[in-house]
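upload.tsv, holding TSV, C-alpha atoms:
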```
chain	number	residue	atom	x	y	z
A	1	MET	CA	26.31	6.61	-21.58
A	2	ALA	CA	26.59	8.76	-24.71
A	3	ASP	CA	23.77	11.18	-25.45
A	4	ILE	CA	20.83	9.51	-27.15
A	5	THR	CA	19.17	11.43	-29.95
A	6	LEU	CA	15.90	11.00	-31.77
A	7	ARG	CA	14.52	12.75	-34.82
A	8	ALA	CA	10.87	13.70	-35.03
A	9	GLN	CA	8.67	15.67	-37.38
A	10	VAL	CA	5.95	18.17	-36.57
A	11	ARG	CA	2.66	16.30	-36.88
A	12	THR	CA	-0.27	17.77	-38.79
A	13	LEU	CA	-2.63	14.77	-38.72
A	14	MET	CA	-4.71	14.53	-35.56
A	15	GLY	CA	-7.36	12.25	-34.07
A	16	LYS	CA	-8.48	9.27	-36.13
A	17	LYS	CA	-6.36	10.45	-39.05
A	18	THR	CA	-3.25	9.28	-37.19
A	19	SER	CA	-4.06	5.75	-38.40
A	20	VAL	CA	-2.66	6.89	-41.74
A	21	LEU	CA	0.66	7.64	-40.04
A	22	ARG	CA	0.81	4.21	-38.45
A	23	ARG	CA	0.31	2.55	-41.84
A	24	GLN	CA	3.28	4.58	-43.03
A	25	GLY	CA	5.46	3.31	-40.17
A	26	MET	CA	5.21	6.47	-38.09
A	27	ILE	CA	4.13	6.82	-34.46
A	28	PRO	CA	2.05	9.82	-33.36
A	29	GLY	CA	3.17	11.48	-30.15
A	30	ASN	CA	3.34	14.67	-28.13
A	31	ILE	CA	6.12	16.61	-26.45
A	32	TYR	CA	4.90	18.42	-23.35
A	33	GLY	CA	6.42	19.88	-20.23
A	34	ARG	CA	6.59	22.66	-17.68
A	35	GLY	CA	5.77	25.97	-19.36
A	36	LEU	CA	5.67	24.31	-22.78
A	37	GLN	CA	2.73	24.20	-25.14
A	38	SER	CA	2.12	20.60	-26.21
A	39	LEU	CA	3.90	19.89	-29.50
A	40	PRO	CA	2.40	17.14	-31.72
A	41	VAL	CA	5.08	15.07	-33.44
A	42	GLN	CA	5.50	11.89	-35.46
A	43	ILE	CA	8.45	9.50	-35.18
A	44	ASP	CA	9.71	6.58	-37.25
A	45	VAL	CA	8.65	3.40	-35.44
A	46	HIS	CA	11.95	1.54	-36.00
A	47	GLN	CA	14.03	4.46	-34.77
A	48	PHE	CA	11.82	4.85	-31.73
A	49	ARG	CA	12.09	1.17	-30.79
A	50	ASP	CA	15.89	1.37	-30.94
A	51	VAL	CA	15.90	4.45	-28.72
A	52	LEU	CA	13.46	2.92	-26.25
A	53	ALA	CA	15.65	-0.17	-25.92
A	54	LYS	CA	18.66	2.01	-25.07
A	55	ALA	CA	17.05	4.71	-22.95
A	56	GLY	CA	14.12	3.03	-21.26
A	57	THR	CA	11.93	5.52	-19.43
A	58	SER	CA	14.55	7.14	-17.19
A	59	THR	CA	17.32	8.25	-19.57
A	60	VAL	CA	17.21	11.67	-21.21
A	61	VAL	CA	16.69	11.59	-24.97
A	62	ASP	CA	17.52	14.66	-27.07
A	63	VAL	CA	14.74	15.07	-29.61
A	64	HIS	CA	15.39	17.18	-32.72
A	65	VAL	CA	12.17	18.22	-34.39
A	66	LEU	CA	11.95	18.80	-38.14
A	67	THR	CA	9.47	21.42	-39.28
A	68	ASP	CA	9.41	19.71	-42.67
A	69	ALA	CA	11.36	16.92	-44.33
A	70	THR	CA	14.73	18.66	-43.93
A	71	HIS	CA	14.52	21.66	-41.57
A	72	GLU	CA	14.76	21.48	-37.77
A	73	ASP	CA	12.97	23.88	-35.45
A	74	GLY	CA	16.38	24.86	-34.07
A	75	LYS	CA	15.61	23.56	-30.59
A	76	SER	CA	16.87	20.55	-28.70
A	77	HIS	CA	14.14	18.95	-26.63
A	78	PRO	CA	15.56	16.92	-23.71
A	79	VAL	CA	12.80	14.48	-22.87
A	80	LEU	CA	11.98	11.39	-20.87
A	81	ILE	CA	9.83	8.74	-22.52
A	82	GLU	CA	6.88	9.15	-20.18
A	83	HIS	CA	4.32	6.77	-21.62
A	84	VAL	CA	4.06	4.31	-24.49
A	85	SER	CA	0.59	3.19	-25.54
A	86	THR	CA	0.47	-0.20	-27.24
A	87	HIS	CA	-2.20	-2.37	-28.84
A	88	PRO	CA	-3.36	-4.94	-26.24
A	89	ALA	CA	-3.34	-7.81	-28.73
A	90	THR	CA	-0.47	-7.07	-31.12
A	91	GLY	CA	1.84	-4.98	-28.93
A	92	LYS	CA	2.11	-2.44	-31.73
A	93	VAL	CA	3.05	1.05	-30.52
A	94	LEU	CA	0.07	3.37	-30.97
A	95	HIS	CA	1.13	6.63	-29.30
A	96	ILE	CA	3.94	8.06	-27.18
A	97	ASP	CA	4.16	10.86	-24.62
A	98	LEU	CA	7.52	12.63	-24.28
A	99	ARG	CA	8.01	14.79	-21.19
A	100	GLN	CA	10.42	17.67	-21.75
A	101	VAL	CA	12.57	18.33	-18.68
A	102	ASP	CA	14.67	21.19	-17.35
A	103	LEU	CA	18.19	19.78	-17.08
A	104	ASN	CA	18.87	22.01	-14.06
A	105	ARG	CA	15.76	21.01	-12.12
A	106	PRO	CA	15.42	17.67	-10.25
A	107	VAL	CA	12.75	15.33	-11.56
A	108	ARG	CA	11.11	12.19	-10.25
A	109	ALA	CA	11.02	8.94	-12.15
A	110	ALA	CA	10.26	5.29	-11.48
A	111	ILE	CA	13.42	3.18	-11.74
A	112	SER	CA	13.45	-0.59	-12.19
A	113	ILE	CA	15.05	-2.71	-9.46
A	114	VAL	CA	17.09	-5.61	-10.86
A	115	LEU	CA	18.21	-8.48	-8.62
A	116	ILE	CA	21.67	-9.89	-9.39
A	117	GLY	CA	23.78	-12.68	-7.94
A	118	GLU	CA	22.78	-16.06	-6.52
A	119	SER	CA	22.11	-16.84	-2.89
A	120	SER	CA	23.21	-20.15	-1.38
A	121	ALA	CA	19.96	-20.09	0.56
A	122	VAL	CA	18.16	-20.59	-2.76
A	123	LYS	CA	20.76	-22.78	-4.47
A	124	ASP	CA	21.59	-25.15	-1.60
A	125	GLU	CA	18.91	-24.74	1.08
A	126	GLY	CA	15.78	-24.81	-1.05
A	127	GLY	CA	14.73	-21.26	-0.23
A	128	VAL	CA	12.41	-19.28	-2.48
A	129	LEU	CA	13.39	-15.77	-3.60
A	130	MET	CA	10.53	-13.26	-3.56
A	131	GLN	CA	10.90	-9.79	-5.08
A	132	THR	CA	8.24	-7.66	-3.43
A	133	LEU	CA	9.22	-4.38	-5.13
A	134	ASP	CA	10.25	-4.18	-8.78
A	135	SER	CA	10.60	-0.39	-9.10
A	136	VAL	CA	11.09	2.65	-6.90
A	137	GLU	CA	10.53	6.35	-7.44
A	138	VAL	CA	13.71	8.41	-7.17
A	139	GLU	CA	14.58	12.08	-7.52
A	140	ALA	CA	17.63	13.48	-9.31
A	141	LEU	CA	18.72	15.85	-12.04
A	142	PRO	CA	17.53	14.42	-15.36
A	143	ARG	CA	20.94	13.33	-16.61
A	144	MET	CA	21.76	11.77	-13.23
A	145	LEU	CA	18.81	9.35	-13.29
A	146	PRO	CA	19.96	5.72	-13.35
A	147	GLN	CA	18.47	3.41	-15.94
A	148	GLU	CA	18.09	0.69	-13.30
A	149	ILE	CA	19.15	-0.09	-9.73
A	150	GLU	CA	20.97	-3.38	-9.18
A	151	VAL	CA	20.58	-5.25	-5.90
A	152	ASP	CA	23.02	-8.08	-5.08
A	153	ILE	CA	21.34	-10.97	-3.26
A	154	SER	CA	24.45	-13.19	-3.01
A	155	ASP	CA	24.73	-12.78	0.77
A	156	LEU	CA	21.01	-12.96	1.49
A	157	ALA	CA	20.28	-15.79	3.94
A	158	LEU	CA	17.17	-17.90	4.47
A	159	ASP	CA	14.45	-15.75	6.09
A	160	GLY	CA	16.58	-12.69	5.33
A	161	GLN	CA	15.41	-9.57	3.53
A	162	LEU	CA	16.69	-6.47	1.74
A	163	THR	CA	15.00	-3.11	2.11
A	164	ILE	CA	15.03	0.31	0.46
A	165	GLY	CA	17.65	1.31	3.01
A	166	ASP	CA	20.00	-1.36	1.60
A	167	LEU	CA	19.95	0.07	-1.95
A	168	ARG	CA	23.19	1.48	-3.30
A	169	LEU	CA	22.16	4.68	-5.04
A	170	PRO	CA	24.34	6.70	-7.44
A	171	PRO	CA	25.53	10.12	-6.23
A	172	GLY	CA	22.83	12.79	-6.44
A	173	VAL	CA	19.98	10.26	-6.41
A	174	THR	CA	17.52	10.11	-3.51
A	175	VAL	CA	14.55	7.89	-2.66
A	176	GLY	CA	11.47	9.15	-0.87
A	177	ALA	CA	10.09	5.73	0.09
A	178	ASP	CA	10.31	4.38	3.64
A	179	ALA	CA	13.77	2.89	4.23
A	180	GLU	CA	12.14	-0.18	5.86
A	181	THR	CA	10.13	-1.07	2.73
A	182	VAL	CA	11.07	-4.62	1.72
A	183	VAL	CA	12.57	-5.09	-1.74
A	184	ALA	CA	13.32	-8.82	-1.67
A	185	ARG	CA	13.32	-11.71	0.80
A	186	ILE	CA	14.14	-15.39	0.85
A	187	VAL	CA	11.62	-17.71	2.49
A	188	ALA	CA	11.44	-21.47	3.00
A	189	SER	CA	9.63	-23.38	0.27
A	190	LYS	CA	6.10	-24.59	0.93
A	191	LEU	CA	7.33	-28.18	1.29
A	192	GLU	CA	9.99	-27.15	3.79
A	193	GLN	CA	7.44	-25.11	5.71
A	194	GLU	CA	5.15	-28.16	5.89
A	195	VAL	CA	8.01	-30.41	7.05
A	196	ALA	CA	9.06	-27.80	9.62
A	197	ALA	CA	5.47	-27.56	10.85
A	198	GLU	CA	5.23	-31.34	11.18
A	199	GLU	CA	8.54	-31.49	13.06
A	200	ALA	CA	7.39	-28.72	15.36
A	201	GLU	CA	4.11	-30.54	16.00
A	202	GLU	CA	5.93	-33.82	16.75
A	203	ALA	CA	8.33	-32.01	19.06
A	204	ALA	CA	5.41	-30.40	20.89
A	205	GLU	CA	3.66	-33.77	21.28
A	206	ALA	CA	6.87	-35.39	22.55
A	207	ALA	CA	7.38	-32.56	25.05
A	208	GLU	CA	3.76	-32.89	26.20
A	209	ALA	CA	4.16	-36.66	26.62
A	210	ALA	CA	7.38	-36.17	28.57
A	211	GLU	CA	5.69	-33.66	30.86
A	212	ALA	CA	2.78	-36.06	31.43
A	213	ALA	CA	5.18	-38.92	32.24
A	214	GLU	CA	7.12	-36.72	34.62
A	215	ALA	CA	3.90	-35.60	36.32
A	216	ALA	CA	2.79	-39.21	36.68
A	217	GLU	CA	6.16	-40.18	38.15
A	218	ILE	CA	5.98	-37.34	40.65
A	219	ALA	CA	2.43	-38.33	41.60
A	220	GLY	CA	3.56	-41.95	42.09
A	221	GLU	CA	6.41	-40.90	44.36
A	222	SER	CA	4.05	-38.73	46.42
A	223	GLU	CA	1.64	-41.63	46.86
A	224	THR	CA	4.43	-43.97	47.97
A	225	ASP	CA	5.70	-41.41	50.47
A	226	GLY	CA	2.16	-41.01	51.80
A	227	GLU	CA	1.76	-44.76	52.31
A	228	SER	CA	5.11	-44.95	54.13
A	229	GLU	CA	4.17	-42.16	56.47
A	230	SER	CA	0.77	-43.77	57.15
A	231	SER	CA	2.39	-47.13	57.94
A	232	GLY	CA	4.80	-45.48	60.35
A	233	ASP	CA	1.99	-43.73	62.15
A	234	ASN	CA	0.08	-46.99	62.53
A	235	ASP	CA	3.10	-48.75	63.99
A	236	SER	CA	3.62	-45.96	66.51
A	237	SER	CA	-0.01	-46.08	67.52
A	238	SER	CA	0.12	-49.84	68.04
A	239	GLY	CA	3.14	-49.46	70.23
A	240	ARG	CA	1.37	-46.90	72.41
A	241	ASP	CA	-1.69	-49.13	72.73
A	242	SER	CA	0.37	-52.12	73.81
A	243	GLY	CA	2.22	-50.09	76.40
A	244	SER	CA	-1.00	-48.82	77.88
A	245	GLY	CA	-2.48	-52.29	78.16
A	246	GLY	CA	0.54	-53.71	79.97
A	247	GLY	CA	0.43	-50.98	82.57
A	248	GLY	CA	-3.16	-51.82	83.44
A	249	ASN	CA	-2.39	-55.48	84.27
```

As C-alpha coordinates, the full file:
Amino acid sequence: MADITLRAQVRTLMGKKTSVLRRQGMIPGNIYGRGLQSLPVQIDVHQFRDVLAKAGTSTVVDVHVLTDATHEDGKSHPVLIEHVSTHPATGKVLHIDLRQVDLNRPVRAAISIVLIGESSAVKDEGGVLMQTLDSVEVEALPRMLPQEIEVDISDLALDGQLTIGDLRLPPGVTVGADAETVVARIVASKLEQEVAAEEAEEAAEAAEAAEAAEAAEIAGESETDGESESSGDNDSSSGRDSGSGGGGN
(Lines of atoms letter the chains of each structure in order from A and count residues from 1; the text may use other names and numbers.)
(Lines give C-alpha, C1' and ligand atoms only; values in the text may rest on other atoms or scores of the structure.)
Protein backbone atom coordinates (compact mmCIF):
# COMPACT_ATOMS: atom_id res chain seq x y z
CA MET A 1 0.00 0.00 0.00
CA ALA A 2 1.26 3.48 -0.90
CA ASP A 3 2.04 5.86 1.94
CA ILE A 4 -1.06 7.59 3.27
CA THR A 5 -0.72 11.26 4.12
CA LEU A 6 -2.89 13.65 6.06
CA ARG A 7 -2.65 17.40 6.51
CA ALA A 8 -3.38 19.01 9.85
CA GLN A 9 -3.12 22.46 11.35
CA VAL A 10 -1.87 23.48 14.77
CA ARG A 11 -4.96 24.01 16.92
CA THR A 12 -5.34 27.10 19.10
CA LEU A 13 -8.94 26.60 20.26
CA MET A 14 -9.28 24.34 23.29
CA GLY A 15 -12.02 22.95 25.51
CA LYS A 16 -15.59 23.97 24.74
CA LYS A 17 -14.36 26.36 22.05
CA THR A 18 -13.65 23.38 19.80
CA SER A 19 -17.37 23.35 18.95
CA VAL A 20 -16.58 26.30 16.70
CA LEU A 21 -14.14 24.12 14.76
CA ARG A 22 -16.72 21.39 14.27
CA ARG A 23 -19.18 23.89 12.82
CA GLN A 24 -16.44 24.84 10.37
CA GLY A 25 -15.97 21.21 9.29
CA MET A 26 -12.81 20.64 11.31
CA ILE A 27 -12.10 17.90 13.84
CA PRO A 28 -10.06 18.66 16.98
CA GLY A 29 -7.39 16.14 17.83
CA ASN A 30 -4.03 15.50 19.47
CA ILE A 31 -0.78 13.94 18.34
CA TYR A 32 1.03 12.25 21.21
CA GLY A 33 3.68 9.61 21.63
CA ARG A 34 6.80 8.36 23.36
CA GLY A 35 8.97 11.33 24.36
CA LEU A 36 6.66 13.74 22.54
CA GLN A 37 4.78 16.63 24.06
CA SER A 38 1.11 16.39 23.07
CA LEU A 39 0.46 18.50 19.97
CA PRO A 40 -3.11 19.86 19.53
CA VAL A 41 -4.22 19.81 15.89
CA GLN A 42 -7.31 20.28 13.75
CA ILE A 43 -8.11 18.27 10.62
CA ASP A 44 -10.64 18.63 7.82
CA VAL A 45 -13.45 16.15 8.52
CA HIS A 46 -13.84 14.97 4.90
CA GLN A 47 -10.12 14.39 4.48
CA PHE A 48 -9.98 12.50 7.76
CA ARG A 49 -12.88 10.21 6.82
CA ASP A 50 -11.15 9.32 3.55
CA VAL A 51 -7.91 8.51 5.37
CA LEU A 52 -9.69 6.48 8.04
CA ALA A 53 -11.41 4.39 5.37
CA LYS A 54 -8.05 3.58 3.78
CA ALA A 55 -5.85 3.20 6.84
CA GLY A 56 -8.14 1.94 9.56
CA THR A 57 -6.44 1.91 12.95
CA SER A 58 -3.40 -0.22 12.09
CA THR A 59 -1.82 1.47 9.06
CA VAL A 60 0.74 4.23 9.50
CA VAL A 61 -0.43 7.67 8.37
CA ASP A 62 2.11 10.42 7.69
CA VAL A 63 0.70 13.63 9.16
CA HIS A 64 2.10 16.96 7.94
CA VAL A 65 1.28 19.76 10.34
CA LEU A 66 0.80 23.34 9.15
CA THR A 67 1.80 26.05 11.59
CA ASP A 68 -0.52 28.41 9.74
CA ALA A 69 -2.55 28.25 6.55
CA THR A 70 0.47 27.57 4.33
CA HIS A 71 3.58 26.68 6.37
CA GLU A 72 4.42 23.20 7.68
CA ASP A 73 6.33 22.59 10.89
CA GLY A 74 8.94 20.74 8.82
CA LYS A 75 8.30 17.42 10.53
CA SER A 76 6.62 14.26 9.33
CA HIS A 77 4.57 12.64 12.06
CA PRO A 78 4.08 8.89 11.44
CA VAL A 79 0.98 8.04 13.44
CA LEU A 80 -1.60 5.36 14.06
CA ILE A 81 -5.21 6.45 14.43
CA GLU A 82 -5.53 5.40 18.06
CA HIS A 83 -9.03 6.52 18.96
CA VAL A 84 -11.98 8.20 17.27
CA SER A 85 -14.65 9.72 19.50
CA THR A 86 -18.08 9.98 17.89
CA HIS A 87 -21.47 11.35 18.88
CA PRO A 88 -23.60 8.44 20.19
CA ALA A 89 -26.70 9.54 18.29
CA THR A 90 -25.42 11.08 15.05
CA GLY A 91 -22.11 9.27 14.59
CA LYS A 92 -20.42 12.61 13.95
CA VAL A 93 -16.68 12.58 14.68
CA LEU A 94 -15.99 14.71 17.76
CA HIS A 95 -12.29 14.16 18.49
CA ILE A 96 -9.36 12.01 17.38
CA ASP A 97 -6.21 10.75 19.07
CA LEU A 98 -3.18 10.13 16.85
CA ARG A 99 -0.35 8.08 18.34
CA GLN A 100 3.05 8.95 16.90
CA VAL A 101 5.25 5.87 16.51
CA ASP A 102 8.95 5.16 16.10
CA LEU A 103 9.24 3.36 12.76
CA ASN A 104 12.20 1.35 14.09
CA ARG A 105 10.49 0.17 17.27
CA PRO A 106 7.85 -2.63 17.34
CA VAL A 107 4.37 -1.57 18.41
CA ARG A 108 1.25 -3.43 19.43
CA ALA A 109 -2.09 -2.94 17.75
CA ALA A 110 -5.46 -4.68 17.59
CA ILE A 111 -6.06 -6.17 14.14
CA SER A 112 -9.46 -7.20 12.81
CA ILE A 113 -10.01 -10.87 11.93
CA VAL A 114 -12.03 -11.32 8.73
CA LEU A 115 -13.56 -14.69 7.84
CA ILE A 116 -13.54 -15.55 4.13
CA GLY A 117 -14.77 -18.50 2.08
CA GLU A 118 -17.81 -20.73 2.53
CA SER A 119 -17.92 -24.01 4.37
CA SER A 120 -20.01 -26.91 3.06
CA ALA A 121 -20.85 -27.64 6.68
CA VAL A 122 -22.82 -24.38 6.71
CA LYS A 123 -24.07 -24.46 3.11
CA ASP A 124 -25.12 -28.12 2.88
CA GLU A 125 -25.25 -29.53 6.41
CA GLY A 126 -27.12 -26.77 8.21
CA GLY A 127 -24.24 -25.85 10.50
CA VAL A 128 -24.00 -22.45 12.16
CA LEU A 129 -20.78 -20.43 11.90
CA MET A 130 -19.76 -18.70 15.12
CA GLN A 131 -16.91 -16.16 15.21
CA THR A 132 -15.77 -16.04 18.81
CA LEU A 133 -12.88 -13.60 18.24
CA ASP A 134 -13.13 -10.61 15.90
CA SER A 135 -9.74 -9.02 16.60
CA VAL A 136 -6.35 -9.95 17.99
CA GLU A 137 -3.45 -7.92 19.35
CA VAL A 138 -0.26 -8.31 17.33
CA GLU A 139 3.24 -6.88 17.53
CA ALA A 140 5.32 -5.67 14.58
CA LEU A 141 7.21 -2.70 13.22
CA PRO A 142 4.67 0.04 12.45
CA ARG A 143 4.84 -0.27 8.68
CA MET A 144 4.61 -4.08 8.90
CA LEU A 145 1.25 -4.07 10.70
CA PRO A 146 -1.48 -5.72 8.60
CA GLN A 147 -4.74 -3.87 8.13
CA GLU A 148 -6.66 -7.10 8.74
CA ILE A 149 -6.06 -10.84 9.06
CA GLU A 150 -8.06 -13.10 6.75
CA VAL A 151 -9.09 -16.57 7.88
CA ASP A 152 -10.37 -19.06 5.28
CA ILE A 153 -13.17 -21.26 6.62
CA SER A 154 -13.76 -23.22 3.39
CA ASP A 155 -12.40 -26.48 4.83
CA LEU A 156 -13.93 -26.09 8.27
CA ALA A 157 -16.14 -29.09 9.08
CA LEU A 158 -19.17 -29.44 11.35
CA ASP A 159 -18.03 -29.27 15.00
CA GLY A 160 -14.63 -28.07 13.75
CA GLN A 161 -12.81 -24.97 14.94
CA LEU A 162 -9.98 -22.61 14.02
CA THR A 163 -7.64 -21.18 16.63
CA ILE A 164 -5.02 -18.45 16.94
CA GLY A 165 -2.44 -21.09 16.04
CA ASP A 166 -4.14 -21.53 12.64
CA LEU A 167 -3.75 -17.86 11.64
CA ARG A 168 -1.48 -17.09 8.71
CA LEU A 169 0.48 -14.05 9.83
CA PRO A 170 2.60 -11.82 7.57
CA PRO A 171 6.39 -11.95 8.06
CA GLY A 172 7.55 -9.97 11.08
CA VAL A 173 4.15 -10.12 12.80
CA THR A 174 3.68 -12.01 16.07
CA VAL A 175 0.70 -12.72 18.32
CA GLY A 176 0.95 -12.92 22.09
CA ALA A 177 -2.40 -14.64 22.65
CA ASP A 178 -2.66 -18.34 23.52
CA ALA A 179 -2.39 -20.43 20.35
CA GLU A 180 -5.38 -22.54 21.52
CA THR A 181 -7.73 -19.53 21.68
CA VAL A 182 -10.70 -20.26 19.40
CA VAL A 183 -11.31 -17.82 16.54
CA ALA A 184 -14.25 -19.50 14.82
CA ARG A 185 -16.20 -22.76 14.99
CA ILE A 186 -19.08 -24.43 13.20
CA VAL A 187 -21.78 -26.00 15.36
CA ALA A 188 -25.03 -27.81 14.61
CA SER A 189 -28.11 -25.60 14.48
CA LYS A 190 -30.49 -25.61 17.43
CA LEU A 191 -33.04 -27.63 15.45
CA GLU A 192 -30.44 -30.22 14.50
CA GLN A 193 -29.26 -30.39 18.09
CA GLU A 194 -32.84 -31.03 19.24
CA VAL A 195 -33.35 -33.73 16.58
CA ALA A 196 -30.02 -35.32 17.51
CA ALA A 197 -31.01 -35.26 21.19
CA GLU A 198 -34.35 -36.90 20.40
CA GLU A 199 -32.66 -39.58 18.29
CA ALA A 200 -30.16 -40.23 21.05
CA GLU A 201 -32.97 -40.51 23.59
CA GLU A 202 -34.92 -42.93 21.36
CA ALA A 203 -31.78 -44.98 20.78
CA ALA A 204 -31.15 -45.14 24.53
CA GLU A 205 -34.75 -46.24 25.20
CA ALA A 206 -34.53 -48.90 22.48
CA ALA A 207 -31.25 -50.18 23.91
CA GLU A 208 -32.77 -50.26 27.41
CA ALA A 209 -35.81 -52.17 26.12
CA ALA A 210 -33.58 -54.64 24.30
CA GLU A 211 -31.55 -55.21 27.44
CA ALA A 212 -34.72 -55.76 29.46
CA ALA A 213 -36.05 -58.25 26.89
CA GLU A 214 -32.75 -60.08 26.85
CA ALA A 215 -32.70 -60.22 30.66
CA ALA A 216 -36.25 -61.57 30.69
CA GLU A 217 -35.35 -64.21 28.11
CA ILE A 218 -32.33 -65.30 30.14
CA ALA A 219 -34.46 -65.46 33.29
CA GLY A 220 -37.05 -67.58 31.45
CA GLU A 221 -34.41 -70.01 30.25
CA SER A 222 -32.99 -70.32 33.77
CA GLU A 223 -36.44 -71.09 35.17
CA THR A 224 -37.07 -73.76 32.53
CA ASP A 225 -33.70 -75.37 33.23
CA GLY A 226 -34.51 -75.36 36.94
CA GLU A 227 -37.85 -77.10 36.39
CA SER A 228 -36.20 -79.75 34.20
CA GLU A 229 -33.59 -80.49 36.80
CA SER A 230 -36.25 -80.69 39.53
CA SER A 231 -38.34 -83.13 37.46
CA GLY A 232 -35.32 -85.33 36.87
CA ASP A 233 -34.53 -85.43 40.56
CA ASN A 234 -38.09 -86.43 41.39
CA ASP A 235 -38.04 -89.27 38.87
CA SER A 236 -34.78 -90.58 40.29
CA SER A 237 -36.15 -90.46 43.80
CA SER A 238 -39.27 -92.36 42.79
CA GLY A 239 -37.17 -95.03 41.20
CA ARG A 240 -35.15 -95.46 44.39
CA ASP A 241 -38.30 -95.69 46.49
CA SER A 242 -39.81 -98.37 44.27
CA GLY A 243 -36.65 -100.43 44.35
CA SER A 244 -36.52 -100.30 48.12
CA GLY A 245 -40.12 -101.43 48.47
CA GLY A 246 -39.68 -104.43 46.20
CA GLY A 247 -36.72 -105.66 48.18
CA GLY A 248 -38.74 -105.69 51.38
CA ASN A 249 -41.44 -108.02 49.97

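Reported to one decimal place, the separation of CA of His95 (chain A) from CA of Ala140 (chain A) is 26.8 Å.
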
Using all atoms listed in the file, can you tell me which of A:Leu133, A:Pro28, A:His77, A:Ser38 comes closest to Ile96 (chain A)?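 Looking at the shortest contact to Ile96 (chain A), the residue is A:Pro28.
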
Please give the centre and size of the box around region 107-112 of chain A (axis-aligned, containing every atom listed in the file, 6 Å added per side), with values in Å to one decimal and written as lines of an AutoDock Vina configuration file.
```
center_x = 11.9
center_y = 7.4
center_z = -11.2
size_x = 15.2
size_y = 27.9
size_z = 13.9
```

Distance in Å - CA of Gly176 (chain A) versus CA of Ile149 (chain A):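 The value is 14.9 Å.
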
Who sits within 10 Å of Glu125 (chain A), all atoms listed in the file, same chain under 3 positions skipped, as JSON, numbers by chain: {"A": [119, 120, 121, 122, 128, 157, 158, 188, 189, 192]}

What is the distance between CA of Leu36 (chain A) and CA of Ala110 (chain A), in Å to one decimal?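 Interatomic distance, CA of Leu36 (chain A) to CA of Ala110 (chain A): 22.6 Å.
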
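The shortest atom-to-atom distance to Lys54 (chain A), with all atoms listed in the file taken into account, belongs to A:Ile4 out of A:Ile4, A:Ala209, A:Leu162, A:Ile153.
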
What's the 8 Å shell around Val183 (chain A), counting all atoms listed in the file, without same-chain residues fewer than 5 positions away, as a ChimeraX atom specification? /A:131-134,161-164

Produce a file of the selected residues containing C-alpha atoms, as a CSV table (one decimal), in the coordinates of the input.
```csv
chain,number,residue,atom,x,y,z
A,131,GLN,CA,10.9,-9.8,-5.1
A,132,THR,CA,8.2,-7.7,-3.4
A,133,LEU,CA,9.2,-4.4,-5.1
A,134,ASP,CA,10.2,-4.2,-8.8
A,161,GLN,CA,15.4,-9.6,3.5
A,162,LEU,CA,16.7,-6.5,1.7
A,163,THR,CA,15.0,-3.1,2.1
A,164,ILE,CA,15.0,0.3,0.5
```

Excluding Pro78 (chain A) and its own-chain neighbours fewer than 4 positions away, which residues fall within 8 Å of it when counting all atoms listed in the file? Please give them as a PyMOL selection string. chain A and resi 60-63+100-103
